[in-house]
Each structure stands twice: as structure tokens, then as C-alpha cells.
$ cat coords.txt   # compact mmCIF, C-alpha atoms
# COMPACT_ATOMS: atom_id res chain seq x y z
CA MET A 280 -17.97 79.54 69.20
CA ALA A 281 -17.72 76.72 66.68
CA ARG A 282 -14.24 76.14 65.24
CA MET A 283 -14.37 73.81 62.26
CA LYS A 284 -11.68 71.17 61.86
CA PHE A 285 -10.96 67.90 60.06
CA LEU A 286 -9.52 64.91 61.87
CA CYS A 287 -8.46 61.68 60.19
CA ASP A 288 -8.02 58.55 62.26
CA SER A 289 -5.30 56.51 60.56
CA GLU A 290 -6.24 53.47 62.65
CA ARG A 291 -9.58 53.36 60.84
CA CYS A 292 -8.88 54.62 57.32
CA ILE A 293 -9.09 51.71 54.86
CA GLU A 294 -8.01 53.69 51.75
CA CYS A 295 -11.39 53.24 50.07
CA ASN A 296 -11.21 56.77 48.57
CA GLY A 297 -14.90 57.26 49.35
CA CYS A 298 -14.09 60.74 50.69
CA VAL A 299 -12.30 61.68 47.47
CA THR A 300 -15.21 60.46 45.36
CA ALA A 301 -17.81 62.16 47.56
CA CYS A 302 -15.96 65.48 47.34
CA LYS A 303 -15.52 65.36 43.59
CA ASN A 304 -19.16 64.48 43.03
CA GLU A 305 -20.64 66.91 45.52
CA HIS A 306 -18.78 69.93 44.18
CA GLU A 307 -18.50 68.78 40.57
CA VAL A 308 -14.76 69.33 40.79
CA PRO A 309 -13.18 69.39 37.32
CA TRP A 310 -10.91 66.67 36.00
CA GLY A 311 -7.35 66.96 37.28
CA ILE A 312 -8.20 68.66 40.55
CA ASN A 313 -8.33 66.71 43.80
CA ARG A 314 -9.44 68.75 46.75
CA ARG A 315 -9.00 65.64 48.89
CA ARG A 316 -6.85 62.56 48.47
CA VAL A 317 -5.82 59.52 50.47
CA VAL A 318 -2.12 59.04 51.24
CA THR A 319 -0.86 55.60 52.25
CA LEU A 320 2.47 54.97 53.92
CA GLY A 321 4.05 51.54 53.60
CA ASP A 322 1.51 50.57 50.95
CA GLY A 323 1.17 46.81 50.62
CA GLN A 324 3.25 46.08 53.68
CA PRO A 325 1.85 44.80 56.98
CA GLY A 326 0.90 47.71 59.17
CA GLU A 327 0.34 50.19 56.34
CA LYS A 328 -1.37 53.40 57.37
CA SER A 329 -3.63 55.61 55.31
CA VAL A 330 -4.73 59.14 55.98
CA SER A 331 -7.17 61.34 54.09
CA VAL A 332 -5.66 64.74 53.36
CA ALA A 333 -7.17 68.03 52.25
CA CYS A 334 -6.96 71.62 53.41
CA MET A 335 -6.63 71.48 57.19
CA HIS A 336 -8.04 75.01 57.59
CA CYS A 337 -5.03 76.04 59.64
CA SER A 338 -5.44 78.51 62.45
CA ASP A 339 -2.30 80.34 61.27
CA ALA A 340 -2.56 79.50 57.59
CA PRO A 341 0.70 79.76 55.58
CA CYS A 342 -1.25 80.13 52.32
CA MET A 343 -2.86 83.23 53.73
CA ALA A 344 0.50 84.59 54.85
CA VAL A 345 2.21 84.27 51.46
CA CYS A 346 -0.65 85.30 49.14
CA PRO A 347 0.55 88.41 47.29
CA VAL A 348 -2.98 89.63 46.57
CA ASP A 349 -4.48 88.73 49.99
CA CYS A 350 -7.38 86.77 48.56
CA PHE A 351 -7.68 84.44 51.60
CA TYR A 352 -9.89 84.97 54.60
CA HIS A 353 -10.86 83.13 57.76
CA THR A 354 -14.55 82.76 58.49
CA ASP A 355 -15.86 83.11 62.04
CA GLU A 356 -15.93 79.32 62.16
CA GLY A 357 -12.19 79.06 61.38
CA VAL A 358 -12.63 77.91 57.77
CA VAL A 359 -9.97 79.18 55.35
CA LEU A 360 -11.60 80.38 52.12
CA HIS A 361 -10.49 82.50 49.20
CA ASP A 362 -11.91 84.81 46.58
CA LYS A 363 -11.30 83.32 43.13
CA ASP A 364 -11.98 86.64 41.47
CA MET A 365 -8.83 87.98 43.12
CA CYS A 366 -6.60 84.92 42.76
CA ILE A 367 -3.86 85.37 40.15
CA GLY A 368 -2.83 81.69 40.16
CA CYS A 369 0.76 82.45 41.14
CA GLY A 370 1.16 79.18 43.06
CA TYR A 371 2.78 80.65 46.18
CA CYS A 372 0.10 79.07 48.37
CA PHE A 373 0.90 75.65 46.91
CA TYR A 374 4.55 76.01 47.92
CA ALA A 375 3.62 77.27 51.37
CA CYS A 376 0.99 74.64 52.19
CA PRO A 377 2.42 71.67 54.15
CA PHE A 378 -0.50 69.50 53.00
CA GLY A 379 -0.45 70.23 49.26
CA ALA A 380 -4.02 71.43 49.44
CA PRO A 381 -4.09 74.16 46.75
CA GLN A 382 -4.87 72.78 43.30
CA TYR A 383 -4.73 74.47 39.90
CA PRO A 384 -6.68 73.73 36.74
CA GLN A 385 -4.32 73.28 33.79
CA ASN A 386 -6.60 73.16 30.80
CA GLY A 387 -4.81 75.70 28.64
CA ALA A 388 -1.79 75.40 26.42
CA PHE A 389 1.83 75.46 27.64
CA GLY A 390 0.94 74.33 31.17
CA GLN A 391 -1.11 77.47 31.77
CA ARG A 392 -2.21 77.61 35.39
CA GLY A 393 -5.69 78.72 36.37
CA LYS A 394 -7.11 80.09 39.59
CA MET A 395 -6.43 78.11 42.73
CA ASP A 396 -9.03 75.62 43.93
CA LYS A 397 -9.04 73.92 47.30
CA CYS A 398 -11.25 72.31 49.92
CA THR A 399 -13.77 74.81 51.27
CA PHE A 400 -14.95 72.68 54.20
CA CYS A 401 -18.16 72.62 52.15
CA ALA A 402 -18.60 76.29 53.06
CA GLY A 403 -18.71 77.75 49.53
CA GLY A 404 -17.08 81.12 49.01
CA PRO A 405 -17.75 84.84 49.13
CA GLU A 406 -20.58 84.67 46.59
CA ALA A 407 -24.21 84.62 47.79
CA ASP A 408 -24.92 81.44 49.77
CA ASN A 409 -26.24 78.54 47.70
CA SER A 410 -26.28 80.64 44.53
CA GLN A 411 -25.43 79.16 41.14
CA GLU A 412 -22.37 81.39 40.97
CA GLU A 413 -21.11 80.10 44.31
CA PHE A 414 -21.63 76.52 43.21
CA GLU A 415 -19.78 77.01 39.94
CA HIS A 416 -16.82 78.71 41.63
CA TYR A 417 -16.52 76.86 44.91
CA GLY A 418 -19.02 73.99 45.04
CA ARG A 419 -21.89 73.43 47.41
CA ASN A 420 -22.29 75.33 50.65
CA ARG A 421 -23.35 72.57 53.05
CA LEU A 422 -22.55 74.55 56.20
CA ALA A 423 -25.21 77.06 55.21
CA GLU A 424 -27.61 74.11 55.01
CA GLY A 425 -26.68 72.99 58.53
CA LYS A 426 -24.69 70.03 57.22
CA LEU A 427 -21.07 68.97 57.64
CA PRO A 428 -18.57 68.24 54.83
CA LEU A 429 -19.73 65.28 52.76
CA CYS A 430 -16.32 63.56 52.79
CA ALA A 431 -16.64 63.02 56.53
CA GLU A 432 -20.35 62.28 56.54
CA MET A 433 -19.86 59.70 53.79
CA CYS A 434 -16.87 58.00 55.45
CA SER A 435 -17.87 54.38 55.92
CA THR A 436 -15.51 53.66 58.84
CA LYS A 437 -15.86 57.15 60.31
CA ALA A 438 -12.09 57.54 60.06
CA LEU A 439 -12.55 61.05 58.75
CA LEU A 440 -14.32 63.35 61.15
CA ALA A 441 -15.36 66.95 60.50
CA GLY A 442 -17.06 69.59 62.54
CA ASP A 443 -16.64 71.64 65.67
CA ALA A 444 -13.20 70.96 67.18
CA ASP A 445 -14.65 70.38 70.65
CA VAL A 446 -17.09 67.76 69.37
CA LEU A 447 -14.35 66.04 67.35
CA ALA A 448 -12.10 65.95 70.39
CA ASP A 449 -14.90 64.32 72.40
CA VAL A 450 -15.63 61.75 69.70
CA PHE A 451 -11.97 60.90 69.21
CA ARG A 452 -11.16 60.80 72.92
CA GLU A 453 -13.92 58.27 73.56
CA ARG A 454 -12.75 56.22 70.58
CA ALA A 455 -9.07 56.23 71.57
CA LEU A 456 -9.89 55.35 75.16
CA THR A 457 -12.19 52.52 74.09
CA ARG A 458 -9.65 50.85 71.83
CA GLY A 459 -6.67 51.84 73.99
CA LYS A 460 -4.35 53.13 71.22
CA GLY A 461 -3.98 55.43 68.25
CA GLY A 462 -4.17 58.75 70.04
CA GLU A 463 -1.33 60.18 67.96
CA LEU A 464 -2.49 62.19 64.99
CA TRP A 465 -0.45 63.05 61.93
CA GLY A 466 -0.28 66.66 60.98
CA TRP A 467 -2.08 67.84 64.08
CA SER A 468 0.76 69.96 65.46
CA THR A 469 1.52 71.37 62.00
CA ALA A 470 -2.02 72.52 61.43
CA TYR A 471 -3.32 73.25 64.87
CA GLY A 472 -0.20 74.15 66.87
CA LYS A 473 1.91 72.11 69.23
CA GLY A 474 0.02 70.65 72.12
CA ASP A 475 1.09 68.21 74.80
CA MET A 476 2.05 65.54 72.31
CA PRO A 477 4.95 63.27 73.29
CA PRO A 478 8.09 63.50 71.11
CA PRO A 479 8.44 60.86 68.39
CA PRO A 480 10.49 57.74 69.26
CA GLU A 481 13.44 58.88 67.06
CA ALA A 482 13.76 62.11 69.01
CA LYS A 483 13.84 60.15 72.25
CA LYS A 484 16.68 57.98 70.91
CA LYS A 485 18.71 61.05 69.91
CA GLU A 486 18.22 62.55 73.35
CA ALA A 487 19.41 59.32 74.97
CA LYS A 488 22.62 59.44 72.91
CA MET B 1468 -9.73 128.43 13.58
CA LYS B 1469 -9.05 129.74 17.06
CA THR B 1470 -12.04 127.88 18.46
CA LEU B 1471 -10.87 124.70 16.83
CA LEU B 1472 -7.40 125.08 18.32
CA ILE B 1473 -8.78 125.76 21.81
CA SER B 1474 -11.18 122.83 21.71
CA SER B 1475 -8.41 120.54 20.47
CA ALA B 1476 -6.08 121.71 23.23
CA VAL B 1477 -8.81 121.20 25.89
CA ALA B 1478 -9.60 117.73 24.55
CA LEU B 1479 -5.93 116.83 24.62
CA LEU B 1480 -5.43 118.15 28.14
CA LEU B 1481 -8.48 116.39 29.57
CA THR B 1482 -7.83 113.08 27.85
CA ALA B 1483 -6.79 111.21 31.01
CA CYS B 1484 -9.34 112.78 33.34
CA GLY B 1485 -12.03 110.18 32.67
CA GLU B 1486 -9.80 107.26 33.53
CA TYR B 1487 -10.11 105.37 36.77
CA PRO B 1488 -7.29 103.46 38.42
CA GLN B 1489 -7.07 99.98 36.95
CA THR B 1490 -4.75 98.52 39.54
CA VAL B 1491 -5.93 97.05 42.83
CA VAL B 1492 -4.45 98.63 45.92
CA TYR B 1493 -3.18 95.81 48.11
CA LYS B 1494 -2.88 96.28 51.81
CA GLN B 1495 -0.49 93.73 53.25
CA GLY B 1496 -2.16 91.19 55.51
CA GLU B 1497 -5.71 92.32 54.91
CA TYR B 1498 -8.29 90.43 52.88
CA GLN B 1499 -9.06 92.36 49.73
CA GLY B 1500 -11.93 90.32 48.27
CA LYS B 1501 -15.70 90.32 48.57
CA THR B 1502 -17.29 90.00 51.98
CA ASP B 1503 -18.86 86.64 52.70
CA THR B 1504 -22.18 85.97 54.36
CA ARG B 1505 -22.29 83.81 57.47
CA PRO B 1506 -23.72 80.30 57.24
CA TYR B 1507 -26.46 81.06 59.75
CA ASP B 1508 -27.74 84.11 57.90
CA ASN B 1509 -30.06 81.96 55.82
CA PRO B 1510 -33.35 80.26 56.80
CA PRO B 1511 -34.16 78.44 59.01
CA TRP B 1512 -31.65 80.14 61.37
CA ASN B 1513 -32.09 83.70 60.11
CA GLY B 1514 -29.03 85.02 61.95
CA ASP B 1515 -29.44 82.90 65.10
CA LYS B 1516 -25.83 81.84 65.56
CA ALA B 1517 -26.41 79.81 68.73
CA ALA B 1518 -29.14 77.71 67.08
CA TRP B 1519 -26.93 77.01 64.07
CA GLU B 1520 -24.00 76.01 66.27
CA ASN B 1521 -26.23 73.69 68.27
CA ASP B 1522 -27.48 72.05 65.08
CA ILE B 1523 -23.92 71.63 63.80
CA ARG B 1524 -22.74 70.16 67.10
CA GLY B 1525 -25.66 67.74 67.10
CA ARG B 1526 -24.84 66.67 63.59
CA GLY B 1527 -21.19 66.28 64.57
CA GLN B 1528 -22.16 63.90 67.34
CA ASN B 1529 -23.75 61.66 64.71
CA GLN B 1530 -20.19 60.74 63.79
CA ASN B 1531 -19.76 59.05 67.16
CA GLU B 1532 -21.02 55.54 66.53
CA TYR B 1533 -20.57 54.63 70.21
CA LYS B 1534 -23.46 56.96 70.96
CA ARG B 1535 -25.33 56.34 67.74
CA VAL B 1536 -25.45 52.55 67.79
CA ASN B 1537 -25.44 51.65 71.46
$ encode --input "coords.txt" --output "C-alpha cells"
Amino acid sequence: MARMKFLCDSERCIECNGCVTACKNEHEVPWGINRRRVVTLGDGQPGEKSVSVACMHCSDAPCMAVCPVDCFYHTDEGVVLHDKDMCIGCGYCFYACPFGAPQYPQNGAFGQRGKMDKCTFCAGGPEADNSQEEFEHYGRNRLAEGKLPLCAEMCSTKALLAGDADVLADVFRERALTRGKGGELWGWSTAYGKGDMPPPPEAKKKEAK
Amino acid sequence: MKTLLISSAVALLLTACGEYPQTVVYKQGEYQGKTDTRPYDNPPWNGDKAAWENDIRGRGQNQNEYKRVN
């Protein structure tokens, strides 16, 4: 069974923001909402690292756990989606999300907050597939067209990968083995559970003390 | 007069009977929204999940430039 995931290779990301632009254009995302963004650590310094961040479609999604109206659902493919007709825009999911994925339109007066908008893994929403209503609420449904998210397919350095987790693991394993480094992935254990990752260097130092 | 009083009383008593509940009943931990269709329900897969998954996996492998270029 396919299990859809994103994976961003910080060794390859060049902070071009092509993924951000592709997402905004594909789904006609309104001004002020960024379903995807590029975060750079140590910007301008030698060895800076960038990573493209959006909804990670967590297996045990905190947004889903805290939603007071239960408007989130997991698809069979592991994509976390929500029903905007039910969303009350309370903002709990924003506080719960470790990636800052939920976004809110703020077009009204007095900082009025609209219904939550987030990355859909280009899988639309609960409206009829590829309908005008689905597009207006959630953007295009590329999965129903047999395509993968445009942010990943547009990525010029192929830093951002999207698709079936098994395929991504194969692609990334071959890449990491070929270049001999960069197997550590940020946010992986947060989103997908703790695997056999080695502890960070700081933890090792504390243990030694 | 009596008929008018009875009809008024009946109208008053039955005022709320035509109302339907306007609050959503939330069940904790269960999705309450509309059901979604699956991505392989549409043509050309027409419900063939295995074919759709194969197509998606094939497309995913296009992201591996080691296989694509060499």
C-alpha cells in the first residue's frame, strides 16, 4: 500500500524557493498564505543548510489530535487532509503542529482569522475530485491525475522528494551511499517516528560527562 | 372565540416542533466531515488501486536522476 511522504535533502537544497512558487501557482494560494516555505539555518555563513518545509503528513498527526471539531482525516495513502466546511479557524492545529504547516487567511478586520489552509500533498479535499469546488477550496488534485506534488516534481536539484515512502527511501539511500554523507534528515523522527537514528553529537557529549 | 383560543394554544404548543438541531454532534476522535473519494476512483484507473500505485511508484522513480540520466 502506498504511503505518501515528503523528504527534503538539505545537502541539495539551494534555497531557490522554486517549490514555494510552484505550490502557490499550482493551487492559486491566496496572498499571505504559504503552504510551503524554505527555512535556512546559518544563512550567509559557510555551511548554511536549507530545508523546504510544509505539512509532513504525520502518521500520528498532532493537528488531528487537537482539532475540537474533528475536521481532519487520513486518506488510505497516509495524506492528512481536512474539511474546510467544518473548520472553525480556532488555531489549535497551528499550535500543535511542529512544522508550522497550518495557515490562516487574515483578510478581515481586527485580525479576523479564516478557515485553516495547509499543504494537501496535491490531493485536494473531500469535494468531488478535480471539481471546481475542490480547486477553489483546496487546490488541484494531482494525485487523482496520477501525478506527484508539483513542489517536488519542479525541484531543480531534486532536493525535495515526494511520493511513496518506500520509493523515496530507495532513491535517498542510493543518493546517500553514492555521495557518502548526508543520511541524517531533519524532522524525520518528529514526523515519522523514531527509527534507528544515531543520537545527535550534543547528546553524546552529555552522556560522556 | 373558543376555536380561536384552541388554535392559538395549539400553534403556541407546536411552535418548536418544526425545528431541527442546529448544533453538530461531535464524536471525539472521529472525522465528522464529508467522505472523500479515492484518487484511483477516476479514469483511467476506475478503482484499480494496484494500477494507480504502480503508476505513482513509477513516477516517483523519475525523481532518481541516477536511474534517469545514466
$ closest_atom_pairs --input "coords.txt" --of "chain A" --to "chain B" --cutoff "9 Å" --atoms "all atoms listed in the file" --output "Markdown table"
| residue | atom | partner | partner_atom | distance |
| --- | --- | --- | --- | --- |
| A:Met280 | CA | B:Glu1520 | CA | 7.6 |
| A:Ala281 | CA | B:Glu1520 | CA | 6.3 |
| A:Met343 | CA | B:Gly1496 | CA | 8.2 |
| A:Ala344 | CA | B:Gly1496 | CA | 7.1 |
| A:Cys346 | CA | B:Gly1496 | CA | 8.8 |
| A:Pro347 | CA | B:Gln1495 | CA | 8.1 |
| A:Val348 | CA | B:Tyr1493 | CA | 6.4 |
| A:Asp349 | CA | B:Tyr1498 | CA | 5.1 |
| A:Cys350 | CA | B:Tyr1498 | CA | 5.7 |
| A:Phe351 | CA | B:Tyr1498 | CA | 6.2 |
| A:Tyr352 | CA | B:Tyr1498 | CA | 5.9 |
| A:Thr354 | CA | B:Arg1505 | CA | 7.9 |
| A:Asp355 | CA | B:Arg1505 | CA | 7.9 |
| A:His361 | CA | B:Gly1500 | CA | 8.0 |
| A:Asp362 | CA | B:Gly1500 | CA | 5.8 |
| A:Lys363 | CA | B:Gly1500 | CA | 8.7 |
| A:Asp364 | CA | B:Gly1500 | CA | 7.7 |
| A:Met365 | CA | B:Gly1500 | CA | 6.5 |
| A:Ala402 | CA | B:Pro1506 | CA | 7.7 |
| A:Gly404 | CA | B:Asp1503 | CA | 6.9 |
| A:Pro405 | CA | B:Asp1503 | CA | 4.1 |
| A:Glu406 | CA | B:Asp1503 | CA | 6.6 |
| A:Ala407 | CA | B:Thr1504 | CA | 7.0 |
| A:Asp408 | CA | B:Thr1504 | CA | 7.0 |
| A:Asn420 | CA | B:Pro1506 | CA | 8.4 |
| A:Arg421 | CA | B:Pro1506 | CA | 8.8 |
| A:Leu422 | CA | B:Pro1506 | CA | 6.0 |
| A:Ala423 | CA | B:Pro1506 | CA | 4.1 |
| A:Glu424 | CA | B:Pro1506 | CA | 7.6 |
| A:Gly425 | CA | B:Ile1523 | CA | 6.1 |
| A:Lys426 | CA | B:Ile1523 | CA | 6.8 |
| A:Leu427 | CA | B:Ile1523 | CA | 7.3 |
| A:Ala431 | CA | B:Gln1530 | CA | 8.4 |
| A:Glu432 | CA | B:Gln1530 | CA | 7.4 |
| A:Lys437 | CA | B:Gln1530 | CA | 6.6 |
| A:Leu440 | CA | B:Gln1530 | CA | 6.9 |
| A:Ala441 | CA | B:Gly1527 | CA | 7.1 |
| A:Gly442 | CA | B:Gly1527 | CA | 5.7 |
| A:Asp443 | CA | B:Arg1524 | CA | 6.4 |
| A:Asp445 | CA | B:Arg1524 | CA | 8.8 |
| A:Val446 | CA | B:Gly1527 | CA | 6.5 |
| A:Leu447 | CA | B:Gly1527 | CA | 7.4 |
| A:Asp449 | CA | B:Gln1528 | CA | 8.9 |
| A:Val450 | CA | B:Asn1531 | CA | 5.5 |
| A:Phe451 | CA | B:Asn1531 | CA | 8.3 |
| A:Glu453 | CA | B:Tyr1533 | CA | 8.3 |
| A:Arg454 | CA | B:Tyr1533 | CA | 8.0 |
$ atom_distance --input "coords.txt" --atom1 "CA of Met283 in chain A" --atom2 "CA of Pro309 in chain A"
25.4 Å
$ residues_around --input "coords.txt" --residues "range 304-308 of chain A" --least-positions-apart "4" --cutoff "9 Å" --atoms "all atoms listed in the file" --output "PDB file with C-alpha atoms, in the frame of the given file"
ATOM      1  CA  VAL A 299     -12.300  61.680  47.470  1.00  0.00           C
ATOM      2  CA  THR A 300     -15.210  60.460  45.360  1.00  0.00           C
ATOM      3  CA  ILE A 312      -8.200  68.660  40.550  1.00  0.00           C
ATOM      4  CA  ASN A 313      -8.330  66.710  43.800  1.00  0.00           C
ATOM      5  CA  ARG A 314      -9.440  68.750  46.750  1.00  0.00           C
ATOM      6  CA  CYS A 401     -18.160  72.620  52.150  1.00  0.00           C
ATOM      7  CA  PHE A 414     -21.630  76.520  43.210  1.00  0.00           C
ATOM      8  CA  GLU A 415     -19.780  77.010  39.940  1.00  0.00           C
ATOM      9  CA  TYR A 417     -16.520  76.860  44.910  1.00  0.00           C
ATOM     10  CA  GLY A 418     -19.020  73.990  45.040  1.00  0.00           C
ATOM     11  CA  ARG A 419     -21.890  73.430  47.410  1.00  0.00           C
ATOM     12  CA  LEU A 429     -19.730  65.280  52.760  1.00  0.00           C
TER      13      LEU A 429
END
$ atom_distance --input "coords.txt" --atom1 "CA of Cys398 in chain A" --atom2 "CA of Thr436 in chain A"
21.1 Å
$ atom_distance --input "coords.txt" --atom1 "CA of Asp339 in chain A" --atom2 "CA of Leu286 in chain A"
17.0 Å
$ axis_aligned_box --input "coords.txt" --around "range 1513-1530 of chain B" --padding-each-side "4 Å" --output "JSON"
{"center_x": -26.1, "center_y": 72.9, "center_z": 64.4, "size_x": 19.9, "size_y": 32.3, "size_z": 16.6}
$ closest_residue --input "coords.txt" --among "A:Thr319, A:Tyr383, A:Ala438, A:Glu327" --to "Ala455 in chain A" --atoms "only C-alpha atoms"
A:Ala438
$ build_atoms --input "coords.txt" --residues "range 1509-1520 of chain B" --atoms "all heavy atoms" --output "mmCIF file, keeping the file's coordinate frame"
data_model
loop_
_atom_site.group_PDB
_atom_site.id
_atom_site.type_symbol
_atom_site.label_atom_id
_atom_site.label_comp_id
_atom_site.auth_asym_id
_atom_site.auth_seq_id
_atom_site.Cartn_x
_atom_site.Cartn_y
_atom_site.Cartn_z
ATOM 1 N N ASN B 1509 -28.963 82.428 56.663
ATOM 2 C CA ASN B 1509 -30.060 81.960 55.820
ATOM 3 C C ASN B 1509 -31.134 81.243 56.648
ATOM 4 O O ASN B 1509 -30.862 80.822 57.779
ATOM 5 C CB ASN B 1509 -29.514 80.997 54.764
ATOM 6 C CG ASN B 1509 -28.382 81.620 53.978
ATOM 7 O OD1 ASN B 1509 -28.564 82.616 53.321
ATOM 8 N ND2 ASN B 1509 -27.196 81.044 54.087
ATOM 9 N N PRO B 1510 -32.345 81.070 56.114
ATOM 10 C CA PRO B 1510 -33.350 80.260 56.800
ATOM 11 C C PRO B 1510 -32.854 78.838 56.950
ATOM 12 O O PRO B 1510 -32.091 78.372 56.089
ATOM 13 C CB PRO B 1510 -34.569 80.318 55.869
ATOM 14 C CG PRO B 1510 -34.316 81.450 54.936
ATOM 15 C CD PRO B 1510 -32.839 81.635 54.865
ATOM 16 N N PRO B 1511 -33.186 78.083 57.975
ATOM 17 C CA PRO B 1511 -34.160 78.440 59.010
ATOM 18 C C PRO B 1511 -33.568 79.164 60.209
ATOM 19 O O PRO B 1511 -34.304 79.430 61.165
ATOM 20 C CB PRO B 1511 -34.644 77.044 59.443
ATOM 21 C CG PRO B 1511 -33.456 76.171 59.282
ATOM 22 C CD PRO B 1511 -32.734 76.689 58.080
ATOM 23 N N TRP B 1512 -32.263 79.535 60.171
ATOM 24 C CA TRP B 1512 -31.650 80.140 61.370
ATOM 25 C C TRP B 1512 -31.843 81.650 61.384
ATOM 26 O O TRP B 1512 -31.947 82.228 62.464
ATOM 27 C CB TRP B 1512 -30.153 79.776 61.428
ATOM 28 C CG TRP B 1512 -29.976 78.294 61.492
ATOM 29 C CD1 TRP B 1512 -30.141 77.486 62.576
ATOM 30 C CD2 TRP B 1512 -29.655 77.432 60.401
ATOM 31 N NE1 TRP B 1512 -29.944 76.183 62.218
ATOM 32 C CE2 TRP B 1512 -29.637 76.116 60.899
ATOM 33 C CE3 TRP B 1512 -29.376 77.634 59.058
ATOM 34 C CZ2 TRP B 1512 -29.362 75.009 60.090
ATOM 35 C CZ3 TRP B 1512 -29.095 76.549 58.260
ATOM 36 C CH2 TRP B 1512 -29.081 75.252 58.778
ATOM 37 N N ASN B 1513 -31.853 82.262 60.231
ATOM 38 C CA ASN B 1513 -32.090 83.700 60.110
ATOM 39 C C ASN B 1513 -31.235 84.544 61.057
ATOM 40 O O ASN B 1513 -31.739 85.426 61.758
ATOM 41 C CB ASN B 1513 -33.578 84.012 60.339
ATOM 42 C CG ASN B 1513 -34.437 83.352 59.286
ATOM 43 O OD1 ASN B 1513 -34.118 83.379 58.102
ATOM 44 N ND2 ASN B 1513 -35.529 82.737 59.726
ATOM 45 N N GLY B 1514 -29.947 84.223 61.131
ATOM 46 C CA GLY B 1514 -29.030 85.020 61.950
ATOM 47 C C GLY B 1514 -28.852 84.503 63.367
ATOM 48 O O GLY B 1514 -28.076 85.079 64.133
ATOM 49 N N ASP B 1515 -29.562 83.448 63.749
ATOM 50 C CA ASP B 1515 -29.440 82.900 65.100
ATOM 51 C C ASP B 1515 -28.206 81.991 65.155
ATOM 52 O O ASP B 1515 -28.277 80.799 64.856
ATOM 53 C CB ASP B 1515 -30.709 82.119 65.466
ATOM 54 C CG ASP B 1515 -30.725 81.723 66.933
ATOM 55 O OD1 ASP B 1515 -29.667 81.836 67.583
ATOM 56 O OD2 ASP B 1515 -31.789 81.305 67.417
ATOM 57 N N LYS B 1516 -27.096 82.565 65.569
ATOM 58 C CA LYS B 1516 -25.830 81.840 65.560
ATOM 59 C C LYS B 1516 -25.852 80.659 66.526
ATOM 60 O O LYS B 1516 -25.368 79.565 66.206
ATOM 61 C CB LYS B 1516 -24.707 82.808 65.930
ATOM 62 C CG LYS B 1516 -23.320 82.213 65.829
ATOM 63 C CD LYS B 1516 -22.280 83.239 66.233
ATOM 64 C CE LYS B 1516 -20.892 82.637 66.130
ATOM 65 N NZ LYS B 1516 -19.867 83.564 66.580
ATOM 66 N N ALA B 1517 -26.403 80.875 67.709
ATOM 67 C CA ALA B 1517 -26.410 79.810 68.730
ATOM 68 C C ALA B 1517 -27.191 78.590 68.243
ATOM 69 O O ALA B 1517 -26.769 77.451 68.450
ATOM 70 C CB ALA B 1517 -27.010 80.343 70.016
ATOM 71 N N ALA B 1518 -28.323 78.834 67.577
ATOM 72 C CA ALA B 1518 -29.140 77.710 67.080
ATOM 73 C C ALA B 1518 -28.375 76.940 66.008
ATOM 74 O O ALA B 1518 -28.393 75.703 65.984
ATOM 75 C CB ALA B 1518 -30.458 78.253 66.518
ATOM 76 N N TRP B 1519 -27.707 77.665 65.129
ATOM 77 C CA TRP B 1519 -26.930 77.010 64.070
ATOM 78 C C TRP B 1519 -25.813 76.177 64.661
ATOM 79 O O TRP B 1519 -25.583 75.033 64.259
ATOM 80 C CB TRP B 1519 -26.376 78.061 63.110
ATOM 81 C CG TRP B 1519 -25.549 77.489 62.005
ATOM 82 C CD1 TRP B 1519 -26.003 76.937 60.845
ATOM 83 C CD2 TRP B 1519 -24.121 77.392 61.971
ATOM 84 N NE1 TRP B 1519 -24.938 76.506 60.091
ATOM 85 C CE2 TRP B 1519 -23.778 76.772 60.754
ATOM 86 C CE3 TRP B 1519 -23.107 77.777 62.839
ATOM 87 C CZ2 TRP B 1519 -22.455 76.525 60.386
ATOM 88 C CZ3 TRP B 1519 -21.795 77.539 62.480
ATOM 89 C CH2 TRP B 1519 -21.479 76.915 61.270
ATOM 90 N N GLU B 1520 -25.107 76.742 65.634
ATOM 91 C CA GLU B 1520 -24.000 76.010 66.270
ATOM 92 C C GLU B 1520 -24.502 74.760 66.975
ATOM 93 O O GLU B 1520 -23.856 73.715 66.947
ATOM 94 C CB GLU B 1520 -23.265 76.926 67.252
ATOM 95 C CG GLU B 1520 -22.400 77.957 66.557
ATOM 96 C CD GLU B 1520 -21.591 78.801 67.510
ATOM 97 O OE1 GLU B 1520 -21.802 78.688 68.736
ATOM 98 O OE2 GLU B 1520 -20.759 79.595 67.023
#
